[in-house]
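> Got a structure for you, input-v1.txt, holding compact mmCIF, C-alpha atoms.
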# COMPACT_ATOMS: atom_id res chain seq x y z
CA MET A 214 128.93 93.18 122.62
CA ARG A 215 127.07 96.42 123.23
CA GLY A 216 125.01 95.36 126.25
CA ASP A 217 126.45 95.28 129.76
CA THR A 218 126.33 91.64 130.87
CA GLU A 219 126.07 92.80 134.52
CA ASP A 220 122.77 94.62 133.93
CA PRO A 221 119.47 92.76 134.33
CA PRO A 222 118.33 91.47 130.92
CA VAL A 223 115.61 93.38 129.12
CA VAL A 224 113.99 90.03 128.23
CA ARG A 225 114.28 86.88 130.32
CA ALA A 226 112.72 83.60 129.15
CA ARG A 227 112.76 80.41 131.19
CA ASP A 228 111.72 76.91 130.12
CA ILE A 229 109.40 78.06 127.34
CA GLU A 230 107.23 75.30 125.89
CA HIS A 231 104.67 75.70 123.14
CA ALA A 232 102.77 73.49 120.73
CA TYR A 233 100.53 73.71 117.69
CA PRO A 234 96.90 73.06 118.71
CA GLY A 235 95.03 70.04 117.44
CA ARG A 236 93.75 66.64 118.50
CA GLU A 237 97.37 65.72 119.07
CA ALA A 238 99.37 68.81 119.93
CA VAL A 239 102.65 69.09 118.00
CA PRO A 240 105.50 70.44 120.19
CA VAL A 241 107.20 73.53 118.76
CA LEU A 242 109.29 74.82 121.68
CA ARG A 243 110.72 72.36 124.21
CA GLY A 244 112.02 74.22 127.24
CA VAL A 245 113.83 77.20 125.69
CA SER A 246 115.61 79.57 128.09
CA LEU A 247 117.49 82.71 127.04
CA ASP A 248 118.18 86.32 128.00
CA VAL A 249 118.28 89.44 125.83
CA ARG A 250 120.70 92.04 127.17
CA ARG A 251 120.26 95.79 127.04
CA GLY A 252 121.76 97.34 123.93
CA GLU A 253 122.20 93.93 122.32
CA MET A 254 121.26 92.66 118.88
CA LEU A 255 120.32 88.98 119.17
CA ALA A 256 119.63 86.82 116.12
CA VAL A 257 117.77 83.50 116.11
CA VAL A 258 118.47 81.07 113.26
CA GLY A 259 117.57 77.51 112.42
CA PRO A 260 115.87 75.42 109.73
CA SER A 261 112.19 75.79 108.85
CA GLY A 262 110.04 74.30 111.59
CA SER A 263 112.66 74.82 114.30
CA GLY A 264 110.40 77.18 116.24
CA LYS A 265 112.03 80.55 115.43
CA SER A 266 108.90 82.57 114.75
CA THR A 267 106.99 80.90 117.58
CA LEU A 268 109.79 81.79 119.98
CA LEU A 269 109.69 85.41 118.78
CA ALA A 270 105.92 85.54 119.34
CA CYS A 271 106.29 84.16 122.86
CA LEU A 272 109.17 86.47 123.78
CA SER A 273 107.26 89.53 122.57
CA GLY A 274 103.96 88.65 124.22
CA LEU A 275 102.05 88.09 120.98
CA GLU A 276 101.52 84.48 122.10
CA ARG A 277 101.42 82.90 125.53
CA PRO A 278 103.55 79.78 125.93
CA LEU A 279 101.92 76.67 127.29
CA ARG A 280 104.57 76.50 130.01
CA GLY A 281 107.42 78.64 131.25
CA ALA A 282 107.72 82.36 131.86
CA VAL A 283 108.78 85.46 129.94
CA GLU A 284 109.71 88.73 131.63
CA ILE A 285 110.23 92.07 129.88
CA GLU A 286 112.02 94.60 132.05
CA GLY A 287 111.12 92.54 135.12
CA THR A 288 107.40 92.20 134.33
CA ASP A 289 106.03 88.68 133.93
CA ILE A 290 103.98 89.26 130.80
CA GLY A 291 102.15 85.96 131.24
CA SER A 292 100.59 87.32 134.45
CA LEU A 293 98.96 90.26 132.64
CA SER A 294 95.40 90.27 131.34
CA ARG A 295 95.11 90.54 127.58
CA GLN A 296 94.14 94.20 127.85
CA ARG A 297 97.04 95.03 130.18
CA SER A 298 99.39 92.97 128.00
CA ALA A 299 98.39 95.01 124.93
CA ARG A 300 99.01 98.28 126.79
CA PHE A 301 102.35 96.98 128.09
CA ARG A 302 103.49 96.02 124.58
CA ARG A 303 102.51 99.42 123.17
CA GLY A 304 104.77 101.09 125.72
CA ARG A 305 107.78 98.76 125.70
CA VAL A 306 107.80 96.56 122.58
CA GLY A 307 108.12 97.17 118.84
CA PHE A 308 107.54 94.81 115.91
CA VAL A 309 108.96 94.69 112.39
CA PHE A 310 107.62 91.96 110.15
CA GLN A 311 108.45 90.79 106.66
CA SER A 312 104.94 91.77 105.48
CA TYR A 313 105.45 95.46 106.50
CA ASN A 314 101.78 95.83 107.65
CA LEU A 315 101.43 99.37 106.31
CA ILE A 316 97.94 100.81 105.76
CA PRO A 317 97.53 101.33 101.97
CA ALA A 318 95.24 104.36 102.35
CA LEU A 319 97.74 106.26 104.53
CA THR A 320 100.90 108.09 103.50
CA ALA A 321 104.28 107.19 104.95
CA ARG A 322 103.96 110.02 107.49
CA GLU A 323 100.44 108.94 108.45
CA ASN A 324 101.51 105.31 108.81
CA VAL A 325 104.32 106.29 111.15
CA ALA A 326 101.99 108.47 113.24
CA LEU A 327 99.24 105.82 113.42
CA PRO A 328 100.35 103.87 116.54
CA ALA A 329 100.45 107.06 118.62
CA ARG A 330 96.99 108.01 117.46
CA LEU A 331 95.63 104.54 118.23
CA ALA A 332 97.12 104.82 121.69
CA LYS A 333 95.46 108.27 122.02
CA ARG A 334 98.83 110.00 122.31
CA PRO A 335 99.81 113.15 120.43
CA ALA A 336 101.41 112.33 117.07
CA ASP A 337 104.04 115.07 117.10
CA ARG A 338 104.96 116.02 113.52
CA ARG A 339 108.61 116.69 114.38
CA THR A 340 108.98 113.31 116.10
CA VAL A 341 107.37 111.50 113.17
CA ASP A 342 109.54 113.34 110.64
CA ALA A 343 112.66 112.65 112.71
CA ALA A 344 111.88 108.91 112.57
CA LEU A 345 111.34 109.09 108.80
CA ASP A 346 114.57 111.04 108.41
CA ALA A 347 116.45 108.41 110.45
CA VAL A 348 115.46 105.73 107.93
CA GLY A 349 116.07 107.94 104.89
CA MET A 350 112.39 108.34 104.00
CA LEU A 351 111.60 111.93 104.96
CA GLY A 352 111.61 112.98 101.31
CA ASP A 353 108.96 110.34 100.63
CA ALA A 354 106.73 111.17 103.62
CA HIS A 355 103.82 112.07 101.30
CA ARG A 356 103.91 108.83 99.31
CA TYR A 357 101.53 105.90 99.72
CA PRO A 358 102.76 102.29 100.17
CA ASP A 359 101.82 101.20 96.65
CA ALA A 360 104.19 103.88 95.29
CA MET A 361 107.14 102.52 97.31
CA SER A 362 109.54 99.65 96.76
CA GLY A 363 109.66 96.79 99.24
CA GLY A 364 112.77 98.22 100.86
CA GLN A 365 111.15 101.63 101.23
CA GLN A 366 108.03 100.10 102.80
CA GLN A 367 110.17 98.17 105.27
CA ARG A 368 112.04 101.33 106.23
CA VAL A 369 108.72 103.10 106.89
CA ALA A 370 107.66 100.13 109.01
CA ILE A 371 110.86 100.51 111.04
CA ALA A 372 110.25 104.27 111.41
CA ARG A 373 106.75 103.49 112.69
CA THR A 374 108.32 101.29 115.34
CA LEU A 375 111.14 103.67 116.22
CA VAL A 376 108.82 106.63 116.81
CA ALA A 377 107.44 104.80 119.87
CA ARG A 378 111.00 104.30 121.22
CA PRO A 379 110.47 100.69 122.33
CA ARG A 380 112.85 99.08 124.81
CA VAL A 381 113.05 95.96 122.65
CA LEU A 382 112.34 95.62 118.94
CA PHE A 383 111.37 92.21 117.54
CA ALA A 384 111.95 91.59 113.82
CA ASP A 385 110.64 88.48 112.03
CA GLU A 386 112.51 87.87 108.74
CA PRO A 387 112.78 91.66 108.16
CA THR A 388 114.86 91.27 104.98
CA GLY A 389 113.28 88.09 103.61
CA ALA A 390 111.43 89.83 100.75
CA LEU A 391 114.12 92.40 99.96
CA ASP A 392 117.01 92.53 97.52
CA THR A 393 120.59 92.69 98.77
CA VAL A 394 120.88 96.48 98.76
CA ALA A 395 117.52 97.14 100.44
CA GLY A 396 118.10 94.31 102.90
CA GLY A 397 121.50 95.71 103.82
CA ALA A 398 119.98 99.13 104.52
CA VAL A 399 117.36 97.57 106.81
CA LEU A 400 120.03 95.58 108.68
CA ASP A 401 122.06 98.76 109.13
CA LEU A 402 119.01 100.41 110.74
CA LEU A 403 118.42 97.48 113.08
CA ARG A 404 122.11 97.39 113.96
CA GLN A 405 122.02 101.11 114.83
CA THR A 406 118.85 100.63 116.90
CA ALA A 407 120.54 98.12 119.23
CA SER A 408 122.35 100.47 121.58
CA GLY A 409 122.03 102.02 125.01
CA GLU A 410 118.72 100.93 126.53
CA ARG A 411 117.30 99.53 123.29
CA SER A 412 117.67 95.93 122.13
CA VAL A 413 116.80 94.05 118.94
CA VAL A 414 115.76 90.40 118.57
CA MET A 415 115.75 89.22 114.95
CA VAL A 416 114.62 85.92 113.47
CA THR A 417 116.22 85.20 110.10
CA HIS A 418 117.13 82.39 107.74
CA ASP A 419 119.94 84.53 106.28
CA LEU A 420 123.21 83.62 108.00
CA ALA A 421 124.98 86.70 106.63
CA ALA A 422 122.28 88.85 108.24
CA ALA A 423 122.56 86.92 111.50
CA ALA A 424 126.32 87.49 111.54
CA ARG A 425 125.61 91.21 112.01
CA ALA A 426 124.28 90.45 115.50
CA ASP A 427 126.17 90.51 118.80
CA ARG A 428 124.97 87.02 119.62
CA VAL A 429 123.23 84.23 117.69
CA VAL A 430 121.04 81.43 119.04
CA VAL A 431 120.68 78.32 116.85
CA LEU A 432 117.37 76.48 117.24
CA ARG A 433 116.65 72.93 116.14
CA ASP A 434 113.36 71.10 116.79
CA GLY A 435 112.34 73.62 119.43
CA VAL A 436 115.50 73.51 121.54
CA VAL A 437 118.59 75.71 121.70
CA HIS A 438 121.31 73.78 119.91
CA ALA A 439 124.08 76.40 120.13
CA GLU A 440 124.80 79.98 121.14
CA LEU A 441 127.56 81.96 119.42
CA VAL A 442 129.01 85.36 120.32
CA ALA A 443 129.89 87.67 117.39
CA PRO A 444 130.21 84.76 114.94
CA ASP A 445 131.21 84.99 111.30
CA VAL A 446 129.16 83.36 108.55
CA ASP A 447 131.38 80.25 108.42
CA ALA A 448 130.99 79.62 112.15
CA LEU A 449 127.23 80.02 111.85
CA PHE A 450 127.07 77.68 108.87
CA ASP A 451 129.01 75.04 110.79
CA ALA A 452 126.71 75.39 113.82
CA VAL A 453 123.56 75.05 111.70
CA GLU A 454 125.05 72.06 109.87
CA ARG A 455 125.87 70.34 113.17
CA ALA A 456 122.33 71.00 114.39
CA ALA A 457 120.92 69.45 111.21
CA ALA A 458 123.18 66.41 111.54
CA ARG A 459 121.81 65.74 115.02
CA ALA A 460 118.18 65.82 113.88
As structure tokens - that is how I would like this structure written.

Amino acid sequence: MRGDTEDPPVVRARDIEHAYPGREAVPVLRGVSLDVRRGEMLAVVGPSGSGKSTLLACLSGLERPLRGAVEIEGTDIGSLSRQRSARFRRGRVGFVFQSYNLIPALTARENVALPARLAKRPADRRTVDAALDAVGMLGDAHRYPDAMSGGQQQRVAIARTLVARPRVLFADEPTGALDTVAGGAVLDLLRQTASGERSVVMVTHDLAAAARADRVVVLRDGVVHAELVAPDVDALFDAVERAAARA
């Protein structure tokens, strides 16, 4: 475990409830509580429909839960206006998604510099190139997304996040569309990111990927079924199987 369990958590969630809208709301999260420690890599696993991605959206501030509270570095993000929430996320939170979300008309270097420019901050060339170098893409800084493989695009997406130096990085199925080699490289980057003051929260269906984390939370039907510290793949498989058996 890299994080110090005596430090205040970087993310604290209490009794999170959420539901899909409609004439009859369908519950997705049913009172989830968890902490994310500083320097920790936390993975969330569970079957489809268990609420993994919804939990990630609520923890990161992309969605507001119907009930409960989420704090990031002591700030109750549910108490912020939408404008203040967006500014807060830009300064503290990073996102890596399976879809990469790169701008096709921009080079790798321009994609990495884009968030700083949108936030009206200087996009320092050395800082951008250092982020690209950290993910092994500096030699491809001039290339456009359609000239990159999926793994290369994901690495640029991670560089774009890293250049902002977020306190907590949220990753939703970051290796889901990648082959084994490219996925392994992305997991190595996320593993390296979780250290010191920086934490990573990853949602994944891949139990081998989840086993790279310091701690794994198993969701089932919107509730925390189990929590495992530094588990191996067999222990994770058993936990997911037990959760499925109780459905």
> Counting all atoms listed in the file, which residues in stretch 332-438 of chain A sit no more than 8 Å from stretch 244-254 of chain A? For each one, give the nearest pair of atoms and the distance in Å, sorted by chain then residue number, as JSON lines.

{"residue": "A:Arg404", "atom": "CA", "partner": "A:Met254", "partner_atom": "CA", "distance": 6.9}
{"residue": "A:Ala407", "atom": "CA", "partner": "A:Gly252", "partner_atom": "CA", "distance": 4.9}
{"residue": "A:Ser408", "atom": "CA", "partner": "A:Gly252", "partner_atom": "CA", "distance": 4.0}
{"residue": "A:Gly409", "atom": "CA", "partner": "A:Gly252", "partner_atom": "CA", "distance": 4.8}
{"residue": "A:Glu410", "atom": "CA", "partner": "A:Gly252", "partner_atom": "CA", "distance": 5.4}
{"residue": "A:Arg411", "atom": "CA", "partner": "A:Gly252", "partner_atom": "CA", "distance": 5.0}
{"residue": "A:Ser412", "atom": "CA", "partner": "A:Gly252", "partner_atom": "CA", "distance": 4.7}
{"residue": "A:Val413", "atom": "CA", "partner": "A:Met254", "partner_atom": "CA", "distance": 4.7}
{"residue": "A:Val414", "atom": "CA", "partner": "A:Met254", "partner_atom": "CA", "distance": 6.0}
{"residue": "A:Met415", "atom": "CA", "partner": "A:Met254", "partner_atom": "CA", "distance": 7.6}
{"residue": "A:Ala426", "atom": "CA", "partner": "A:Met254", "partner_atom": "CA", "distance": 5.0}
{"residue": "A:Asp427", "atom": "CA", "partner": "A:Met254", "partner_atom": "CA", "distance": 5.4}
{"residue": "A:Arg428", "atom": "CA", "partner": "A:Met254", "partner_atom": "CA", "distance": 6.8}
{"residue": "A:Gly435", "atom": "CA", "partner": "A:Val245", "partner_atom": "CA", "distance": 7.4}
{"residue": "A:Val436", "atom": "CA", "partner": "A:Val245", "partner_atom": "CA", "distance": 5.8}
{"residue": "A:Val437", "atom": "CA", "partner": "A:Val245", "partner_atom": "CA", "distance": 6.4}
> Any idea what's packed within 10 Å of stretch 438-441 of chain A, counting only C-alpha atoms, ignoring anything in its chain fewer than 4 positions away? Could you give it as a list in words?
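These residues fall inside the cut-off: Leu247, Ala256, Val257, Gly259, Ala424, Ala426, Asp427, Arg428, Val429, Val430, Val431, Leu432, Arg433, Asp434, Asp445, Ala448, Leu449, Ala452, Val453, Arg455, Ala456, Ala457 and Arg459 of chain A.
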> So which one's closest to A:Arg280, A:Arg227, A:Lys333, A:Arg368, A:Arg356? Using all atoms listed in the file, please.
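Using all atoms listed in the file, A:Arg280 sits closest to A:Arg227.
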> Find, counting only C-alpha atoms, the residue in A:Val283, A:Arg373, A:Met361, A:Val348 that gets nearest to A:Val325.
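Looking at the shortest contact to A:Val325, the residue is A:Arg373.
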> Between atom CA of A:Thr320 and atom CA of A:Arg338, what is the distance in Å, rounded to a tenth?
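That distance, rounded to one decimal, is 13.4 Å.
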> Calculated over only C-alpha atoms, which of the candidates A:Leu382, A:Ala354, A:Ala377, A:Leu402 has the smallest distance to A:Asp337?
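Of A:Leu382, A:Ala354, A:Ala377, A:Leu402, the one nearest A:Asp337 is A:Ala377, counting only C-alpha atoms.
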> Counting all atoms listed in the file, select every polymer residue within 12 Å of (102.2, 104.5, 108.4) as defined in the file's coordinates, and provide the selection as a VMD selection string.
chain A and resid 313 to 331 336 341 to 342 344 to 345 350 353 to 358 365 to 376
> Distance atom CA of A:Phe301-atom CA of A:Asp385, one decimal place?
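These two atoms are separated by 20.0 Å.
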> Using Å and a single decimal, report how far atom CA of A:Gly364 sits from atom CA of A:Val394.
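Pair atom CA of A:Val394 / atom CA of A:Gly364 returns 8.6 Å.
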> Which of these residues is nearest to A:Gly349, using only C-alpha atoms: A:Val416, A:Ala395, A:Ala423, A:Val442?
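Of A:Val416, A:Ala395, A:Ala423, A:Val442, the one nearest A:Gly349, counting only C-alpha atoms, is A:Ala395.
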> Let me make sure I understand: among A:Pro278, A:Ala360, A:Ala443, A:His418, which one has the smallest atom-to-atom distance to A:Pro234 if we use all atoms listed in the file?
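The shortest atom-to-atom distance to A:Pro234 comes from A:Pro278.
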> Could you list as a PDB file with C-alpha atoms, in the coordinates of the input every residue that has an atom within 12 Å of (103.7, 86.7, 115.5), using the file's coordinates and counting all atoms listed in the file?

ATOM      1  CA  GLY A 264     110.400  77.180 116.240  1.00  0.00           C
ATOM      2  CA  LYS A 265     112.030  80.550 115.430  1.00  0.00           C
ATOM      3  CA  SER A 266     108.900  82.570 114.750  1.00  0.00           C
ATOM      4  CA  THR A 267     106.990  80.900 117.580  1.00  0.00           C
ATOM      5  CA  LEU A 268     109.790  81.790 119.980  1.00  0.00           C
ATOM      6  CA  LEU A 269     109.690  85.410 118.780  1.00  0.00           C
ATOM      7  CA  ALA A 270     105.920  85.540 119.340  1.00  0.00           C
ATOM      8  CA  CYS A 271     106.290  84.160 122.860  1.00  0.00           C
ATOM      9  CA  LEU A 272     109.170  86.470 123.780  1.00  0.00           C
ATOM     10  CA  SER A 273     107.260  89.530 122.570  1.00  0.00           C
ATOM     11  CA  GLY A 274     103.960  88.650 124.220  1.00  0.00           C
ATOM     12  CA  LEU A 275     102.050  88.090 120.980  1.00  0.00           C
ATOM     13  CA  GLU A 276     101.520  84.480 122.100  1.00  0.00           C
ATOM     14  CA  ARG A 277     101.420  82.900 125.530  1.00  0.00           C
ATOM     15  CA  GLY A 307     108.120  97.170 118.840  1.00  0.00           C
ATOM     16  CA  PHE A 308     107.540  94.810 115.910  1.00  0.00           C
ATOM     17  CA  VAL A 309     108.960  94.690 112.390  1.00  0.00           C
ATOM     18  CA  PHE A 310     107.620  91.960 110.150  1.00  0.00           C
ATOM     19  CA  GLN A 311     108.450  90.790 106.660  1.00  0.00           C
ATOM     20  CA  SER A 312     104.940  91.770 105.480  1.00  0.00           C
ATOM     21  CA  PHE A 383     111.370  92.210 117.540  1.00  0.00           C
ATOM     22  CA  ALA A 384     111.950  91.590 113.820  1.00  0.00           C
ATOM     23  CA  ASP A 385     110.640  88.480 112.030  1.00  0.00           C
ATOM     24  CA  GLU A 386     112.510  87.870 108.740  1.00  0.00           C
ATOM     25  CA  VAL A 416     114.620  85.920 113.470  1.00  0.00           C
TER      26      VAL A 416
END
